[in-house]
Structure formats: C-alpha cells, structure tokens
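Encoded as structure tokens, the structure appears first; notes follow it.
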Amino acid sequence: MIGLLDSGVGGLSVLRHVQAQLPHEALVYVADQAHVPYGTRSAAEVQQFSEGISRLLLELGVKIIVVACNTASAAALTYLRETFPDVPFVGMEPAVKPAAEHTRTGKVGVMATAGTFGSERYADLMQRFARDVVVFEDPCLGLVDLIEAGNTTGAETEQLLTRVLHPMLAQGVDSLVLGCTHYPFVRPLIEQVIAAAPVKPATAVTIIDPAPAVARQTRRVMQQRDLLSPVTSPGTLRLFTSGSDAHMADLVAHLWGQQVAVETAVWHGKTLICKG
Ligand code: DGL
C-alpha cells in the first residue's frame, strides 16, 4: 500500500501517474486542506504537519510514502527520513535539471511556492544544475488557493498566469518548470496564456512536470525493497481530507470528471485521526 500526501489536491496530479505506473497497488491519499496552502508557512509548521500525516498513513498500513508536494519535500523530507528511518520516502523537487538541459535560449522559468524557493534544498538544486542558465522564478501567490477553490479556467486565474508568464516569455524563457503539484491542473490554461503571449521565444516553450519521474522512482524503490503487491486486480484508492469532505469531493469531481468518495481526518493537536 502506498501513501501520498499534499497540502490539498495538488498531489492528485502525482497520484494519477503513480496509478498508471503501479495499477495493482492500493493507494491512500491525504490532503491537508485544514492547512492549505503550505507555501507561505514556516518550514517547522510544514514538518509538523507532514509528520502527523505520515503517522496516520503508517497506521493505515502504507509501506512507502510519496511526498507529493514540492513545498513539503523542501521543508520536511530530510526530517521525515530521520523521524521514520525504516520507511522509504519518495520526494519531489522542481525539475530544474531537465529544464537546464533542454533550454535552447539558456532561460528557464520556475513556478513554485515561496516555501520551495526559500529552502536549502532548492538552493542546492540551483547550485548543482542551474549554473549555466538564467532562472526566472515566480511564487505565483494565490494560485494554489484558486486551484483549491476549483478555479482552473476562470478570468482571475488567467490574469494571474498572464502576470507570471508573459514577463518570463518576453525574457526568452523556453523551458517552464511546474514546481508545485497543484499547477498541472492549470496546464491547459498555462498553454493558452503562452500561446497568447505578445512576445515569446521563436522556439516552442516546453512545460516540465516531474510527476511521471516521481512515479517511476516510486516503482523502482518498491521493486528494490520487494514491496510490490502480488495482487493482480486493480488497486483501491482512499482519499482523506483534513478539511471539508464535501468540498474535496466536488473538487475531485471537477478536476477528474469522476465522483470519488472522500473520508475525513481531524487534527487533534499534532495528531491526525481518521474520523468514522
Ligand atoms: N502542492 C504543493 C507543492 O507542490 C503545495 C502548495 C501549497 O500548499 O502552497 O508545492
């Protein structure tokens, strides 16, 4: 059984790829919508939330945890690995390396959260892979909230993306990193905004989402540790939220076009407990 966590519905963009890579595995997903967004919170808070969610996932029987959130990976991955030394954790980071390898203009755009940009992990990533390119960063303030509100196509979201993307494109950015797991849900709008940009590089702009690589890494780790399920029937899926189950169910229906049952988990201090 695989556990996945995020501040909200963002990690569902990773879950889809994990499902495709590992169709027989049972998946449990926790959205910490009581605390979304994580991107403007302190690293200490995000560590505490990630630890509480991980404890719940382990109680539910997961054998591996995918931190399907760049912000939580940046703030808490090292801490989680220290706190739960026997549990394999798969984390995420903005795909700066493939973007730097791919760019022809030498200009890379990164959309992530303030928490991710401010982290040591990100600074290290830049040191290792972005020395020879110019990186344009934007924390996209408010974008996660809009996506959590189900606004993936509206005028407000389009305006925010236009404000973020048009200056990057005018600078010649031809590789764009989706460094927050919520952002793939507005990818069609991002593509539309890029197409409408008045000034942009002559070559096509490539959008890079690390989720497929994270799903492949999850499968590799499970193979190495002999954790793959012997079952050949389709894997089950349980979705939990620490926020409103009705809102989460509506949001999932909007994002996936399909109804999925949502269960509730409640925070009691630092402990997250399944309701019912
Ligand atoms: N989806 C998360 C990420 O990948 C968190 C966004 C947020 O809660 O601010 O960064």
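Note on naming: chains are A, B, ... as they come in the structure tokens, residues start from 1 per chain, ligands start from 1 in the order shown.
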Exercise. Check the DSSP output for the backbone and give back, as a ChimeraX atom specification, the residues of range 88-240 of chain A in alpha helix (DSSP H).
Key: /A:96-102,114-117,120-129,143-148,155-170,187-195,211-224
Once you count only C-alpha atoms and all ligand atoms, which residues end up within 9 Å of ligand 1, and could you hand them over as a short mmCIF file (atom, residue, chain, number, x, y, z; two decimals) with N, CA, C and O atoms, in the first residue's frame?
```cif
data_model
loop_
_atom_site.label_atom_id
_atom_site.label_comp_id
_atom_site.auth_asym_id
_atom_site.auth_seq_id
_atom_site.Cartn_x
_atom_site.Cartn_y
_atom_site.Cartn_z
N ASP A 6 -0.19 15.70 0.51
CA ASP A 6 -0.04 17.05 -0.02
C ASP A 6 -0.87 17.98 0.87
O ASP A 6 -1.68 17.53 1.67
N SER A 7 -0.66 19.28 0.68
CA SER A 7 -1.46 20.26 1.43
C SER A 7 -2.92 20.24 0.95
O SER A 7 -3.81 20.70 1.67
N GLY A 8 -3.16 19.78 -0.25
CA GLY A 8 -4.51 19.81 -0.81
C GLY A 8 -4.62 18.83 -1.96
O GLY A 8 -4.12 17.70 -1.88
N VAL A 9 -5.25 19.28 -3.04
CA VAL A 9 -5.49 18.36 -4.17
C VAL A 9 -4.30 18.26 -5.12
O VAL A 9 -4.31 17.45 -6.05
N GLY A 10 -3.26 19.09 -4.90
CA GLY A 10 -2.12 19.10 -5.83
C GLY A 10 -1.52 17.72 -6.08
O GLY A 10 -1.28 17.33 -7.22
N GLY A 11 -1.32 16.99 -5.00
CA GLY A 11 -0.68 15.68 -5.13
C GLY A 11 -1.47 14.69 -5.96
O GLY A 11 -0.94 13.65 -6.38
N ASP A 32 -4.15 17.84 3.23
CA ASP A 32 -4.24 18.59 4.50
C ASP A 32 -4.90 19.94 4.25
O ASP A 32 -4.31 21.00 4.45
N GLN A 33 -6.16 19.87 3.84
CA GLN A 33 -6.85 21.11 3.46
C GLN A 33 -7.18 22.01 4.66
O GLN A 33 -7.54 23.17 4.47
N HIS A 35 -4.91 23.07 6.41
CA HIS A 35 -3.72 23.93 6.49
C HIS A 35 -3.25 24.48 5.14
O HIS A 35 -2.18 25.08 5.07
N VAL A 36 -3.99 24.20 4.08
CA VAL A 36 -3.56 24.66 2.76
C VAL A 36 -3.69 26.19 2.68
O VAL A 36 -4.66 26.73 3.24
N PRO A 37 -2.78 26.94 2.09
CA PRO A 37 -1.57 26.48 1.41
C PRO A 37 -0.37 26.33 2.37
O PRO A 37 -0.28 27.04 3.37
N TYR A 38 0.51 25.40 2.01
CA TYR A 38 1.75 25.22 2.77
C TYR A 38 2.81 26.25 2.35
O TYR A 38 3.73 26.54 3.09
N GLY A 39 2.67 26.74 1.14
CA GLY A 39 3.74 27.53 0.51
C GLY A 39 4.13 28.80 1.23
O GLY A 39 5.24 29.29 1.06
N THR A 40 3.23 29.33 2.06
CA THR A 40 3.55 30.56 2.78
C THR A 40 3.76 30.28 4.28
O THR A 40 3.86 31.21 5.07
N ARG A 41 3.86 29.01 4.66
CA ARG A 41 4.06 28.66 6.07
C ARG A 41 5.55 28.42 6.35
O ARG A 41 6.34 28.23 5.42
N VAL A 67 5.85 11.96 -0.93
CA VAL A 67 5.56 13.34 -0.52
C VAL A 67 5.25 14.09 -1.82
O VAL A 67 6.14 14.58 -2.51
N ALA A 68 3.96 14.08 -2.18
CA ALA A 68 3.53 14.58 -3.50
C ALA A 68 3.33 16.09 -3.45
O ALA A 68 2.31 16.61 -3.90
N CYS A 69 4.32 16.76 -2.92
CA CYS A 69 4.25 18.19 -2.65
C CYS A 69 5.68 18.72 -2.64
O CYS A 69 6.51 18.23 -1.84
N ASN A 70 5.98 19.66 -3.50
CA ASN A 70 7.34 20.20 -3.54
C ASN A 70 7.67 20.96 -2.26
O ASN A 70 8.78 20.90 -1.75
N THR A 71 6.67 21.68 -1.74
CA THR A 71 6.89 22.51 -0.54
C THR A 71 7.20 21.63 0.67
O THR A 71 8.13 21.90 1.43
N ALA A 72 6.41 20.56 0.84
CA ALA A 72 6.64 19.64 1.97
C ALA A 72 7.95 18.88 1.78
O ALA A 72 8.66 18.62 2.76
N SER A 73 8.28 18.53 0.54
CA SER A 73 9.56 17.84 0.30
C SER A 73 10.71 18.78 0.68
O SER A 73 11.68 18.36 1.32
N ALA A 74 10.60 20.04 0.26
CA ALA A 74 11.67 21.01 0.54
C ALA A 74 11.83 21.22 2.04
O ALA A 74 12.94 21.27 2.57
N MET A 92 9.90 15.16 -3.94
CA MET A 92 9.87 15.86 -5.24
C MET A 92 10.73 17.10 -5.17
O MET A 92 10.91 17.67 -4.10
N GLU A 93 11.18 17.54 -6.32
CA GLU A 93 11.84 18.85 -6.39
C GLU A 93 11.54 19.43 -7.77
O GLU A 93 11.26 18.68 -8.71
N PRO A 94 11.57 20.76 -7.88
CA PRO A 94 11.32 21.35 -9.19
C PRO A 94 12.33 20.78 -10.21
O PRO A 94 13.52 20.62 -9.89
N ALA A 112 6.90 27.88 -8.57
CA ALA A 112 6.89 27.05 -7.36
C ALA A 112 6.29 27.89 -6.24
O ALA A 112 5.74 28.96 -6.51
N THR A 113 6.40 27.44 -4.99
CA THR A 113 5.86 28.27 -3.90
C THR A 113 7.01 29.00 -3.21
O THR A 113 8.19 28.63 -3.35
N ALA A 114 6.65 30.01 -2.41
CA ALA A 114 7.67 30.78 -1.67
C ALA A 114 8.47 29.83 -0.77
O ALA A 114 9.69 29.96 -0.65
N GLY A 115 7.79 28.87 -0.16
CA GLY A 115 8.46 27.91 0.72
C GLY A 115 9.51 27.09 -0.03
O GLY A 115 10.62 26.86 0.47
N THR A 116 9.17 26.66 -1.23
CA THR A 116 10.13 25.89 -2.04
C THR A 116 11.32 26.77 -2.42
O THR A 116 12.48 26.37 -2.24
N LEU A 141 1.81 33.74 -6.13
CA LEU A 141 0.99 33.93 -4.93
C LEU A 141 -0.50 33.90 -5.25
O LEU A 141 -0.95 34.62 -6.14
N GLY A 142 -1.21 33.04 -4.56
CA GLY A 142 -2.66 32.94 -4.75
C GLY A 142 -3.09 31.84 -5.71
O GLY A 142 -4.27 31.48 -5.74
N LEU A 143 -2.16 31.30 -6.47
CA LEU A 143 -2.56 30.30 -7.48
C LEU A 143 -3.06 29.00 -6.83
O LEU A 143 -4.06 28.43 -7.28
N VAL A 144 -2.39 28.56 -5.77
CA VAL A 144 -2.83 27.34 -5.09
C VAL A 144 -4.26 27.54 -4.54
O VAL A 144 -5.11 26.65 -4.68
N ASP A 145 -4.52 28.73 -3.97
CA ASP A 145 -5.87 29.00 -3.43
C ASP A 145 -6.92 28.95 -4.54
O ASP A 145 -8.02 28.42 -4.34
N LEU A 178 7.03 23.24 -13.75
CA LEU A 178 5.90 23.25 -12.82
C LEU A 178 6.40 22.70 -11.49
O LEU A 178 6.46 21.49 -11.28
N GLY A 179 6.81 23.61 -10.61
CA GLY A 179 7.47 23.21 -9.35
C GLY A 179 6.53 23.14 -8.17
O GLY A 179 6.97 23.28 -7.03
N CYS A 180 5.26 22.95 -8.44
CA CYS A 180 4.25 22.78 -7.39
C CYS A 180 3.23 21.81 -7.97
O CYS A 180 2.81 21.98 -9.13
N THR A 181 2.84 20.82 -7.19
CA THR A 181 1.99 19.76 -7.75
C THR A 181 0.57 20.22 -8.05
O THR A 181 -0.18 19.51 -8.72
N HIS A 182 0.20 21.39 -7.57
CA HIS A 182 -1.12 21.92 -7.94
C HIS A 182 -1.14 22.40 -9.41
O HIS A 182 -2.19 22.40 -10.05
N TYR A 183 -0.01 22.85 -9.91
CA TYR A 183 -0.01 23.58 -11.18
C TYR A 183 -0.37 22.75 -12.42
O TYR A 183 -0.92 23.32 -13.37
#
```
At most 12 Å is the cut-off: for each residue in range 142-184 of chain A with any atom that close to an atom of range 235-256 of chain A, write down the nearest atom pair and the distance in Å rounded to one decimal, counting only C-alpha atoms, chain first then increasing number, as CSV.
```
residue,atom,partner,partner_atom,distance
A:Leu146,CA,A:Leu251,CA,11.5
A:Ile147,CA,A:Leu251,CA,9.0
A:Glu148,CA,A:Leu251,CA,7.5
A:Ala149,CA,A:Leu251,CA,7.6
A:Gly150,CA,A:Leu251,CA,5.9
A:Asn151,CA,A:His254,CA,9.6
A:Thr152,CA,A:Leu255,CA,8.5
A:Thr153,CA,A:Leu255,CA,11.0
A:His182,CA,A:Leu255,CA,10.9
A:Tyr183,CA,A:Leu255,CA,11.9
A:Pro184,CA,A:Leu255,CA,10.6
```
_Would you pick out the contacts of range 209-220 of chain A at 10 Å or less, using only C-alpha atoms, so that residues sharing its chain but fewer than 4 positions from it are not included, and give the list as a VMD selection string?_
chain A and resid 2 11 to 22 64 to 68 88 to 96 98 to 99 176 to 181 183 to 184 187 224 to 228
Shell around Asp174 in chain A at 8 Å using only C-alpha atoms, local window under 3 positions removed, as a list in words =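 Here the answer would be Thr103, Arg104, Thr105, Lys107, Val108, Gly109, Leu169, Pro201, Thr203, Ala204, Val205 and Thr206 of chain A.
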Output all heavy atoms for every residue in that selection, as a PDB file, in the first residue's frame.
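Below is the file that was written, out.pdb:
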```pdb
ATOM      1  N   THR A 103      16.784  23.676 -22.372  1.00  0.00           N
ATOM      2  CA  THR A 103      16.634  25.030 -22.912  1.00  0.00           C
ATOM      3  C   THR A 103      17.622  25.325 -24.057  1.00  0.00           C
ATOM      4  O   THR A 103      18.780  24.908 -24.020  1.00  0.00           O
ATOM      5  CB  THR A 103      16.801  26.100 -21.795  1.00  0.00           C
ATOM      6  OG1 THR A 103      16.679  27.387 -22.381  1.00  0.00           O
ATOM      7  CG2 THR A 103      18.128  25.999 -21.066  1.00  0.00           C
ATOM      8  N   ARG A 104      17.121  26.023 -25.070  1.00  0.00           N
ATOM      9  CA  ARG A 104      17.974  26.469 -26.188  1.00  0.00           C
ATOM     10  C   ARG A 104      18.350  27.934 -26.000  1.00  0.00           C
ATOM     11  O   ARG A 104      19.362  28.391 -26.494  1.00  0.00           O
ATOM     12  CB  ARG A 104      17.234  26.302 -27.525  1.00  0.00           C
ATOM     13  CG  ARG A 104      16.931  24.861 -27.893  1.00  0.00           C
ATOM     14  CD  ARG A 104      18.197  24.126 -28.374  1.00  0.00           C
ATOM     15  NE  ARG A 104      18.023  22.684 -28.330  1.00  0.00           N
ATOM     16  CZ  ARG A 104      18.378  21.916 -27.303  1.00  0.00           C
ATOM     17  NH1 ARG A 104      18.925  22.428 -26.218  1.00  0.00           N
ATOM     18  NH2 ARG A 104      18.195  20.601 -27.349  1.00  0.00           N
ATOM     19  N   THR A 105      17.478  28.669 -25.286  1.00  0.00           N
ATOM     20  CA  THR A 105      17.736  30.102 -25.076  1.00  0.00           C
ATOM     21  C   THR A 105      18.602  30.343 -23.837  1.00  0.00           C
ATOM     22  O   THR A 105      19.067  31.464 -23.612  1.00  0.00           O
ATOM     23  CB  THR A 105      16.398  30.855 -24.872  1.00  0.00           C
ATOM     24  OG1 THR A 105      15.705  30.270 -23.762  1.00  0.00           O
ATOM     25  CG2 THR A 105      15.523  30.785 -26.113  1.00  0.00           C
ATOM     26  N   LYS A 107      17.381  30.221 -20.890  1.00  0.00           N
ATOM     27  CA  LYS A 107      16.480  30.891 -19.931  1.00  0.00           C
ATOM     28  C   LYS A 107      15.404  29.898 -19.494  1.00  0.00           C
ATOM     29  O   LYS A 107      14.680  29.342 -20.325  1.00  0.00           O
ATOM     30  CB  LYS A 107      15.806  32.104 -20.583  1.00  0.00           C
ATOM     31  CG  LYS A 107      16.734  33.032 -21.364  1.00  0.00           C
ATOM     32  CD  LYS A 107      17.258  34.148 -20.494  1.00  0.00           C
ATOM     33  CE  LYS A 107      18.292  34.998 -21.207  1.00  0.00           C
ATOM     34  NZ  LYS A 107      17.721  35.841 -22.256  1.00  0.00           N
ATOM     35  N   VAL A 108      15.326  29.722 -18.183  1.00  0.00           N
ATOM     36  CA  VAL A 108      14.407  28.738 -17.617  1.00  0.00           C
ATOM     37  C   VAL A 108      13.444  29.461 -16.668  1.00  0.00           C
ATOM     38  O   VAL A 108      13.878  30.310 -15.886  1.00  0.00           O
ATOM     39  CB  VAL A 108      15.219  27.667 -16.851  1.00  0.00           C
ATOM     40  CG1 VAL A 108      14.326  26.792 -15.993  1.00  0.00           C
ATOM     41  CG2 VAL A 108      16.049  26.827 -17.826  1.00  0.00           C
ATOM     42  N   GLY A 109      12.162  29.113 -16.717  1.00  0.00           N
ATOM     43  CA  GLY A 109      11.185  29.670 -15.779  1.00  0.00           C
ATOM     44  C   GLY A 109      10.807  28.619 -14.748  1.00  0.00           C
ATOM     45  O   GLY A 109      10.646  27.450 -15.095  1.00  0.00           O
ATOM     46  N   LEU A 169       8.312  34.976 -20.664  1.00  0.00           N
ATOM     47  CA  LEU A 169       8.402  34.689 -22.099  1.00  0.00           C
ATOM     48  C   LEU A 169       9.099  35.840 -22.821  1.00  0.00           C
ATOM     49  O   LEU A 169       9.917  35.610 -23.735  1.00  0.00           O
ATOM     50  CB  LEU A 169       7.007  34.449 -22.681  1.00  0.00           C
ATOM     51  CG  LEU A 169       6.284  33.226 -22.104  1.00  0.00           C
ATOM     52  CD1 LEU A 169       4.817  33.247 -22.486  1.00  0.00           C
ATOM     53  CD2 LEU A 169       6.942  31.931 -22.570  1.00  0.00           C
ATOM     54  N   PRO A 201       9.820  33.399 -27.117  1.00  0.00           N
ATOM     55  CA  PRO A 201      10.931  32.881 -27.925  1.00  0.00           C
ATOM     56  C   PRO A 201      10.432  32.268 -29.239  1.00  0.00           C
ATOM     57  O   PRO A 201       9.283  31.824 -29.316  1.00  0.00           O
ATOM     58  CB  PRO A 201      11.580  31.814 -27.037  1.00  0.00           C
ATOM     59  CG  PRO A 201      10.745  31.687 -25.839  1.00  0.00           C
ATOM     60  CD  PRO A 201       9.695  32.726 -25.831  1.00  0.00           C
ATOM     61  N   THR A 203      11.321  29.511 -30.593  1.00  0.00           N
ATOM     62  CA  THR A 203      11.081  28.065 -30.463  1.00  0.00           C
ATOM     63  C   THR A 203       9.930  27.811 -29.492  1.00  0.00           C
ATOM     64  O   THR A 203       9.600  28.668 -28.689  1.00  0.00           O
ATOM     65  CB  THR A 203      12.344  27.367 -29.915  1.00  0.00           C
ATOM     66  OG1 THR A 203      12.775  28.097 -28.771  1.00  0.00           O
ATOM     67  CG2 THR A 203      13.438  27.297 -30.944  1.00  0.00           C
ATOM     68  N   ALA A 204       9.365  26.613 -29.570  1.00  0.00           N
ATOM     69  CA  ALA A 204       8.230  26.268 -28.700  1.00  0.00           C
ATOM     70  C   ALA A 204       8.669  26.236 -27.238  1.00  0.00           C
ATOM     71  O   ALA A 204       9.822  25.934 -26.932  1.00  0.00           O
ATOM     72  CB  ALA A 204       7.688  24.908 -29.103  1.00  0.00           C
ATOM     73  N   VAL A 205       7.746  26.554 -26.354  1.00  0.00           N
ATOM     74  CA  VAL A 205       8.035  26.517 -24.919  1.00  0.00           C
ATOM     75  C   VAL A 205       7.690  25.116 -24.394  1.00  0.00           C
ATOM     76  O   VAL A 205       6.601  24.607 -24.648  1.00  0.00           O
ATOM     77  CB  VAL A 205       7.203  27.582 -24.168  1.00  0.00           C
ATOM     78  CG1 VAL A 205       7.443  27.507 -22.671  1.00  0.00           C
ATOM     79  CG2 VAL A 205       7.513  28.977 -24.710  1.00  0.00           C
ATOM     80  N   THR A 206       8.648  24.514 -23.683  1.00  0.00           N
ATOM     81  CA  THR A 206       8.412  23.181 -23.129  1.00  0.00           C
ATOM     82  C   THR A 206       8.029  23.302 -21.655  1.00  0.00           C
ATOM     83  O   THR A 206       8.719  23.978 -20.888  1.00  0.00           O
ATOM     84  CB  THR A 206       9.689  22.315 -23.261  1.00  0.00           C
ATOM     85  OG1 THR A 206      10.020  22.259 -24.641  1.00  0.00           O
ATOM     86  CG2 THR A 206       9.484  20.918 -22.732  1.00  0.00           C
TER      87      THR A 206
END
```
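Using only C-alpha atoms for every distance, the candidate list A:Ala76, A:Val87, A:Ala170, A:Leu189 yields A:Ala76 as the residue closest to Glu45 in chain A.
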Could you check the closest approach to Val134 in chain A for each of A:Ser50, A:Thr264, A:Gln171, A:Ser119 and tell me which residue wins, using only C-alpha atoms?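 Ranking A:Ser50, A:Thr264, A:Gln171, A:Ser119 by distance to Val134 in chain A, first place goes to A:Gln171.
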re CA of Gln48 in chain A and CA of Gly3 in chain A: distance 17.1 Å
**OP:** Could you check how far CA of Met1 in chain A sits from CA of Gln47 in chain A, in Å to one decimal?
**Re:**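 Computing the Euclidean distance for CA of Met1 in chain A and CA of Gln47 in chain A yields 22.8 Å.
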re CA of Val30 in chain A and CA of Glu263 in chain A: distance 9.3 Å
message = I need the residues of range 11-144 of chain A that end up classed as strand (DSSP E or B) by DSSP on the backbone, written out as a ChimeraX atom specification.
response = /A:27-31,64-67,89-90,107-111,134-138
